[in-house]
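**Student:** The following block contains the structure, expressed as structure tokens.
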Amino acid sequence: MLDASDSYVTEDGRTIGAVVMEMKNITLRFGGVVAIKDISFDIREGEIRAIIGPNGAGKSSMLNVISGFYNPQEGQVFYKGKQRPQMRPYQVARQGIARTFQNIALFEGMTVLDNIMTGRLHHTKANIWQQAFWKGKAEAEEVANREVVEKIIDFLEIQSIRKTPVGRLPYGLKKRVELARALAAEPSILLLDEPMAGMNVEEKEDMSRFILDVNDEFGTTIALIEHDMGVVMDLSDRVVVMDYGQKIGDGTPDEVRNNQAVIDAYLGVAHD
Ligand SMILES: Nc1ncnc2c1ncn2[C@@H]1O[C@H](COP(=O)(O)OP(=O)(O)OP(=O)(O)O)[C@@H](O)[C@H]1O
């Protein structure tokens, strides 16, 4: 059994570090609906952590708790060892947590490059006057921001579409641009909201490869939610399984695959 501060090396040679985020006894209600019921789990530095579950299981609600969009009625979120107070999403983003959205949230009329640049907003400290008159600090920031963005464009192999308005791109590429924008924030934790939803097989393979590469190359901790159990099993180090707002499984992909409660949930076996 690992301690919160332990680290270990995976079979494929990646180092998984200490616990960086801990969700403790989280309960979230919408009026009479209990979307999350007393769930606890942790996320370790450098790991790929999936949260899966059938429709309505509470995955999006959980992602929204992590990203600060929802504040749970009960339970605590610990980040880097400290209990996180109630926060707005932009404050969570400033702590190095970036996300993508299931229904792509890009500016369709803007080019790929400009969309990705919007991911740098939290790294821009020059005030509006400095920006308007292109002086000192603003200029240096713009150069640094472009450098980060160019590196990501290369990394995600989207050089050829950098000047294309996002609205003209096929779905799979839009998803890749969204990933690029989230990466532009240089997050310590990247949250992916159903990154493979609506993709064909080839697009899913591409996205899986990029998720693995991001984790490997930048050491980014990744938490993702996904409806389809198959696609995340090869990617993830550990998987939390939710069903009807409860946690019914948590462990390595193999442990989860062999968990009877998980098998039942996915086969639609009735509840008591
Ligand atoms: N804003 C909301 N207001 C009221 N009920 C909500 C709200 N958001 C989610 N719920 C309810 O909470 C439960 C969990 O929903 P959630 O969207 O988190 O599940 P999910 O696992 O992400 O589902 P899906 O895979 O279909 O996206 C559902 O019963 C849902 O109807």
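Ordering of the structure tokens sets the chain letters (A, B, ...), residue numbers begin anew at 1 in every chain, and ligands are numbered from 1 in the order given.
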Could the residues that lie within 7 Å of ligand 1, counting only C-alpha atoms and all ligand atoms, be listed as a list in words?
**Tutor:**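 Listing the residues within 7 Å of ligand 1 gives Phe30, Val33, Val34, Ala35, Gly53, Pro54, Asn55, Gly56, Ala57, Gly58, Lys59, Ser60, Ser61, Met62, His227 and Gly245 of chain A.
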**Student:** Quick one: residues within 9 Å of A:Asp3, only C-alpha atoms, excluding same-chain residues fewer than 4 positions away - as a list in words?
**Tutor:**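 The filter keeps Ser7, Ala18 and Val19 of chain A.
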**Student:** Now that the selection is made, can you save its residues with C-alpha atoms as a CSV table (one decimal), in the first residue's frame?
**Tutor:**
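Final file, out.csv:
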```
chain,number,residue,atom,x,y,z
A,7,SER,CA,6.4,7.7,-5.6
A,18,ALA,CA,3.2,11.9,-4.4
A,19,VAL,CA,-0.5,12.8,-4.1
```
**Student:** Using only C-alpha atoms, find the one residue out of A:Arg49, A:Ile248, A:Gly119, A:Ala180 that sits nearest to A:Gln260.
**Tutor:**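 Looking only at the distances to A:Gln260, the closest residue turns out to be A:Ile248.
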**Student:** Enter the distance from atom CA of A:Tyr244 to atom CA of A:Asp193, in Å, rounded to one decimal.
**Tutor:**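 Taking atom CA of A:Tyr244 and atom CA of A:Asp193, their separation equals 18.5 Å.
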**Student:** Just give me the gap between atom CA of A:Gly268 and atom CA of A:Ser236 in Å, one decimal is fine.
**Tutor:**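 About the pair atom CA of A:Gly268 and atom CA of A:Ser236: they are 23.4 Å apart.
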**Student:** Please, which residues of stretch 21-149 of chain A, numbered as in this document, come out strand (DSSP E) from DSSP, as a PyMOL selection string?
**Tutor:** chain A and resi 21-30+33-44+48-52+74-79+82-83+97-99
**Student:** Using only C-alpha atoms, find the one residue out of A:Ile104, A:Gly167, A:Arg257, A:Asp264 that sits nearest to A:Pro195.
**Tutor:** A:Ile104
**Student:** Identify, on the basis of only C-alpha atoms, every residue whose closest approach to A:Ile66 does not exceed 10 Å; exclude the query and any residue fewer than 2 positions from it along the same chain; express the result as number ranges by chain.
**Tutor:** A: 21-23, 60-64, 68-72, 77-79, 89, 92, 97, 191, 223
**Student:** Apply DSSP to the backbone of this structure and, from stretch 35-257 of chain A, keep only the residues in helix (DSSP H, G or I); write these as a VMD selection string.
**Tutor:** chain A and resid 59 to 66 89 to 94 112 to 118 121 to 123 128 to 133 136 to 155 159 to 161 166 to 168 171 to 184 201 to 218 229 to 233 253 to 257
**Student:** Put those residues in a file: C-alpha atoms, as a CSV table (one decimal), in the first residue's frame.
**Tutor:**
```csv
chain,number,residue,atom,x,y,z
A,59,LYS,CA,-18.5,12.3,-13.9
A,60,SER,CA,-19.1,15.8,-15.2
A,61,SER,CA,-20.2,16.9,-11.8
A,62,MET,CA,-16.9,15.6,-10.4
A,63,LEU,CA,-14.8,17.3,-13.0
A,64,ASN,CA,-16.7,20.5,-12.3
A,65,VAL,CA,-15.8,20.1,-8.6
A,66,ILE,CA,-12.2,19.7,-9.4
A,89,PRO,CA,-12.9,28.6,-11.8
A,90,TYR,CA,-10.5,31.4,-12.8
A,91,GLN,CA,-8.8,31.2,-9.4
A,92,VAL,CA,-8.5,27.4,-9.8
A,93,ALA,CA,-7.0,28.0,-13.3
A,94,ARG,CA,-4.4,30.3,-11.8
A,112,VAL,CA,-6.0,28.1,-34.6
A,113,LEU,CA,-3.0,30.2,-33.5
A,114,ASP,CA,-5.2,33.0,-31.9
A,115,ASN,CA,-7.3,30.4,-30.1
A,116,ILE,CA,-4.3,28.8,-28.6
A,117,MET,CA,-2.9,32.2,-27.6
A,118,THR,CA,-6.0,32.7,-25.5
A,121,LEU,CA,-4.1,34.8,-20.7
A,122,HIS,CA,-3.3,33.8,-17.1
A,123,HIS,CA,0.4,34.3,-18.0
A,128,ILE,CA,-4.0,47.2,-21.0
A,129,TRP,CA,-1.9,50.4,-21.5
A,130,GLN,CA,1.4,48.5,-21.8
A,131,GLN,CA,-0.3,46.1,-24.2
A,132,ALA,CA,-1.9,48.9,-26.3
A,133,PHE,CA,1.4,50.7,-26.7
A,136,GLY,CA,8.7,46.7,-22.5
A,137,LYS,CA,6.9,44.2,-20.3
A,138,ALA,CA,4.1,43.6,-22.9
A,139,GLU,CA,6.6,43.0,-25.7
A,140,ALA,CA,8.7,40.5,-23.7
A,141,GLU,CA,5.5,38.7,-22.6
A,142,GLU,CA,4.2,38.4,-26.1
A,143,VAL,CA,7.5,36.9,-27.3
A,144,ALA,CA,7.6,34.4,-24.4
A,145,ASN,CA,3.9,33.5,-25.0
A,146,ARG,CA,4.5,32.9,-28.7
A,147,GLU,CA,7.4,30.6,-27.9
A,148,VAL,CA,5.3,28.4,-25.7
A,149,VAL,CA,2.5,28.3,-28.2
A,150,GLU,CA,4.8,27.5,-31.1
A,151,LYS,CA,6.3,24.6,-29.2
A,152,ILE,CA,2.8,23.2,-28.6
A,153,ILE,CA,1.8,23.7,-32.2
A,154,ASP,CA,4.8,21.6,-33.3
A,155,PHE,CA,4.2,19.0,-30.6
A,159,GLN,CA,1.5,23.6,-38.1
A,160,SER,CA,-0.4,23.3,-41.4
A,161,ILE,CA,-3.6,24.6,-39.9
A,166,VAL,CA,-11.3,26.9,-36.2
A,167,GLY,CA,-14.9,26.8,-37.6
A,168,ARG,CA,-13.5,25.2,-40.8
A,171,TYR,CA,-14.2,17.7,-35.3
A,172,GLY,CA,-11.1,15.7,-34.4
A,173,LEU,CA,-8.8,18.6,-35.2
A,174,LYS,CA,-11.0,21.0,-33.2
A,175,LYS,CA,-10.5,18.7,-30.2
A,176,ARG,CA,-6.8,18.8,-30.8
A,177,VAL,CA,-6.8,22.6,-30.9
A,178,GLU,CA,-8.7,22.6,-27.6
A,179,LEU,CA,-6.0,20.4,-26.1
A,180,ALA,CA,-3.4,22.8,-27.4
A,181,ARG,CA,-5.2,25.8,-25.8
A,182,ALA,CA,-5.4,24.0,-22.5
A,183,LEU,CA,-1.7,23.1,-22.8
A,184,ALA,CA,-0.8,26.7,-23.5
A,201,VAL,CA,-11.5,5.2,-34.5
A,202,GLU,CA,-8.5,6.9,-36.1
A,203,GLU,CA,-9.2,10.2,-34.3
A,204,LYS,CA,-9.4,8.3,-31.0
A,205,GLU,CA,-6.1,6.7,-31.6
A,206,ASP,CA,-4.5,10.1,-32.4
A,207,MET,CA,-6.0,11.6,-29.3
A,208,SER,CA,-4.8,8.7,-27.1
A,209,ARG,CA,-1.2,9.1,-28.5
A,210,PHE,CA,-1.2,12.8,-27.8
A,211,ILE,CA,-2.5,12.4,-24.3
A,212,LEU,CA,0.3,9.9,-23.6
A,213,ASP,CA,2.9,12.1,-25.2
A,214,VAL,CA,1.8,15.2,-23.2
A,215,ASN,CA,2.1,13.3,-20.0
A,216,ASP,CA,5.4,11.8,-21.0
A,217,GLU,CA,7.0,14.9,-22.5
A,218,PHE,CA,5.8,17.6,-20.2
A,229,MET,CA,-14.6,2.3,-20.7
A,230,GLY,CA,-12.5,0.8,-23.6
A,231,VAL,CA,-10.6,3.8,-24.7
A,232,VAL,CA,-9.3,4.8,-21.3
A,233,MET,CA,-8.1,1.4,-20.1
A,253,PRO,CA,-7.3,-0.9,-15.2
A,254,ASP,CA,-7.0,-4.6,-14.5
A,255,GLU,CA,-8.4,-4.3,-11.0
A,256,VAL,CA,-11.3,-2.3,-12.3
A,257,ARG,CA,-12.0,-4.6,-15.3
```
**Student:** Rounded to one decimal, what separation in Å do you get between atom CA of A:Arg29 and atom CA of A:Gln246?
**Tutor:** 12.5 Å
